[in-house]
>>> print(open('protein.txt').read())   # compact mmCIF, C-alpha atoms
# COMPACT_ATOMS: atom_id res chain seq x y z
CA MET A 1 -2.58 29.59 -2.19
CA ASP A 2 -3.03 26.93 -4.86
CA THR A 3 0.27 25.50 -6.03
CA PRO A 4 1.03 22.78 -8.59
CA TYR A 5 4.04 21.49 -6.61
CA ILE A 6 3.88 18.93 -3.80
CA ILE A 7 6.06 16.88 -1.49
CA ILE A 8 4.96 13.27 -0.99
CA TYR A 9 5.98 11.36 2.13
CA VAL A 10 6.08 7.56 2.09
CA THR A 11 7.52 5.36 4.84
CA PHE A 12 9.07 1.95 4.11
CA PRO A 13 10.35 -0.89 6.27
CA SER A 14 13.81 -0.80 4.66
CA LYS A 15 16.12 1.36 2.57
CA LYS A 16 16.21 -1.31 -0.14
CA GLU A 17 12.41 -1.29 -0.52
CA ALA A 18 12.36 2.52 -0.59
CA SER A 19 15.10 2.61 -3.23
CA VAL A 20 13.30 0.13 -5.48
CA VAL A 21 10.07 2.17 -5.44
CA VAL A 22 11.89 5.50 -5.84
CA GLU A 23 13.79 4.17 -8.88
CA GLN A 24 10.49 3.01 -10.44
CA LEU A 25 8.91 6.43 -9.83
CA LEU A 26 11.93 8.20 -11.31
CA GLY A 27 11.93 5.85 -14.31
CA HIS A 28 8.31 6.78 -15.06
CA LYS A 29 9.11 10.47 -14.42
CA TYR A 30 6.35 10.62 -11.81
CA ILE A 31 8.75 12.39 -9.41
CA ALA A 32 11.62 14.81 -9.99
CA CYS A 33 13.66 13.53 -7.04
CA ALA A 34 13.51 11.78 -3.70
CA THR A 35 15.47 12.00 -0.50
CA ILE A 36 15.60 8.77 1.49
CA VAL A 37 16.02 9.32 5.21
CA ASP A 38 17.23 6.21 7.01
CA HIS A 39 16.44 5.29 10.61
CA VAL A 40 13.22 7.10 11.43
CA GLU A 41 11.31 5.92 14.47
CA SER A 42 7.56 5.73 13.93
CA HIS A 43 4.90 5.45 16.65
CA TYR A 44 1.31 4.81 15.60
CA TRP A 45 -2.02 3.17 16.23
CA TRP A 46 -2.44 -0.15 14.40
CA GLN A 47 -5.20 -2.70 14.89
CA GLY A 48 -6.34 -1.21 18.19
CA ALA A 49 -2.92 -0.90 19.84
CA ILE A 50 -0.03 1.52 19.93
CA ASP A 51 2.92 0.17 17.96
CA GLU A 52 6.33 1.40 16.89
CA SER A 53 8.87 0.49 14.27
CA ASP A 54 12.10 1.60 12.68
CA GLU A 55 11.40 2.81 9.16
CA VAL A 56 12.84 4.70 6.23
CA LEU A 57 11.19 7.88 4.94
CA ALA A 58 11.11 8.82 1.27
CA VAL A 59 10.53 12.54 0.65
CA MET A 60 9.57 13.02 -2.99
CA LYS A 61 9.09 16.20 -5.00
CA THR A 62 6.66 16.33 -7.91
CA THR A 63 3.56 18.07 -9.24
CA LYS A 64 0.03 17.70 -7.90
CA ASN A 65 -1.02 16.17 -11.24
CA ASN A 66 1.30 13.21 -10.58
CA PHE A 67 -0.01 12.32 -7.11
CA LYS A 68 -2.36 9.61 -8.37
CA ASN A 69 0.42 8.03 -10.48
CA VAL A 70 2.70 7.94 -7.44
CA GLU A 71 -0.05 6.54 -5.21
CA VAL A 72 -0.91 3.72 -7.63
CA LEU A 73 2.71 2.66 -8.14
CA VAL A 74 3.53 2.80 -4.43
CA LYS A 75 0.48 0.71 -3.52
CA GLN A 76 1.44 -1.91 -6.15
CA SER A 77 4.97 -2.27 -4.77
CA HIS A 78 4.65 -1.51 -1.06
CA PRO A 79 4.72 -4.33 1.51
CA TYR A 80 2.43 -2.56 4.03
CA GLU A 81 -1.29 -3.20 4.06
CA VAL A 82 -1.88 0.55 4.49
CA PRO A 83 1.20 2.49 3.40
CA GLU A 84 1.64 6.11 4.38
CA ILE A 85 1.26 8.14 1.20
CA ILE A 86 0.61 11.77 2.01
CA ALA A 87 1.20 14.98 0.10
CA VAL A 88 1.72 18.53 1.25
CA PRO A 89 1.86 21.61 -0.96
CA ILE A 90 5.10 23.42 -1.63
CA ILE A 91 3.91 26.93 -0.90
CA ALA A 92 7.20 28.61 -1.79
CA GLY A 93 10.50 27.73 -3.41
CA SER A 94 13.16 29.18 -5.62
CA ASN A 95 11.90 29.77 -9.14
CA GLU A 96 14.77 27.74 -10.57
CA TYR A 97 14.03 24.72 -8.37
CA LEU A 98 10.30 24.76 -9.06
CA LYS A 99 10.97 25.08 -12.79
CA TRP A 100 13.32 22.10 -12.54
CA ILE A 101 10.57 20.02 -10.89
CA GLU A 102 8.16 20.99 -13.67
CA GLU A 103 10.66 20.08 -16.39
CA SER A 104 11.62 16.76 -14.76
CA VAL A 105 8.21 15.06 -14.55
CA VAL A 106 5.57 13.87 -17.00
CA HIS A 107 2.52 16.05 -17.55
>>> encode(input="protein.txt", output="structure tokens")
Amino acid sequence: MDTPYIIIYVTFPSKKEASVVVEQLLGHKYIACATIVDHVESHYWWQGAIDESDEVLAVMKTTKNNFKNVEVLVKQSHPYEVPEIIAVPIIAGSNEYLKWIEESVVH
């Protein structure tokens, strides 16, 4: 199923850094909203070794057409060399909520 709506996940080293980027994205209307989840524990491969860190996860709702805008802004502001910026489709949702996403972002 092809859907115009997506959720974008981005991890940050701190809540402050996540909030700054989220506010920029909202100001440009690239996202309709974001939920910032504090205290996530991440385990990953980095530079040939397994590493772990405490992070903050931003869960952002927008349209597929805005992914590139979000990616560019996040990369400009993010402190990580390779930030996690991934999108997954919203395959179902209430009509009212999906309409709200559509009306809240730039096209």
>>> atom_distance(input="protein.txt", atom1="atom CA of Asp54 of chain A", atom2="atom CA of Ile7 of chain A")
21.7 Å
>>> closest_residue(input="protein.txt", among="A:Val106, A:Val10, A:Ile91, A:Leu25", to="Val56 of chain A", atoms="all atoms listed in the file")
A:Val10
>>> closest_residue(input="protein.txt", among="A:Val20, A:Val74, A:Leu98, A:Ala58", to="Val37 of chain A", atoms="only C-alpha atoms")
A:Ala58
>>> residues_around(input="protein.txt", residues="Ser77 of chain A", least_positions_apart="2", cutoff="9 Å", atoms="only C-alpha atoms", output="number ranges by chain")
A: 17, 20-21, 72-75, 79
>>> write_last_selection(input="protein.txt", atoms="C-alpha atoms", output="PDB file, in the coordinates of the input")
ATOM      1  CA  GLU A  17      12.410  -1.290  -0.520  1.00  0.00           C
ATOM      2  CA  VAL A  20      13.300   0.130  -5.480  1.00  0.00           C
ATOM      3  CA  VAL A  21      10.070   2.170  -5.440  1.00  0.00           C
ATOM      4  CA  VAL A  72      -0.910   3.720  -7.630  1.00  0.00           C
ATOM      5  CA  LEU A  73       2.710   2.660  -8.140  1.00  0.00           C
ATOM      6  CA  VAL A  74       3.530   2.800  -4.430  1.00  0.00           C
ATOM      7  CA  LYS A  75       0.480   0.710  -3.520  1.00  0.00           C
ATOM      8  CA  PRO A  79       4.720  -4.330   1.510  1.00  0.00           C
TER       9      PRO A  79
END
>>> atom_distance(input="protein.txt", atom1="atom CA of Gly48 of chain A", atom2="atom CA of His78 of chain A")
22.2 Å
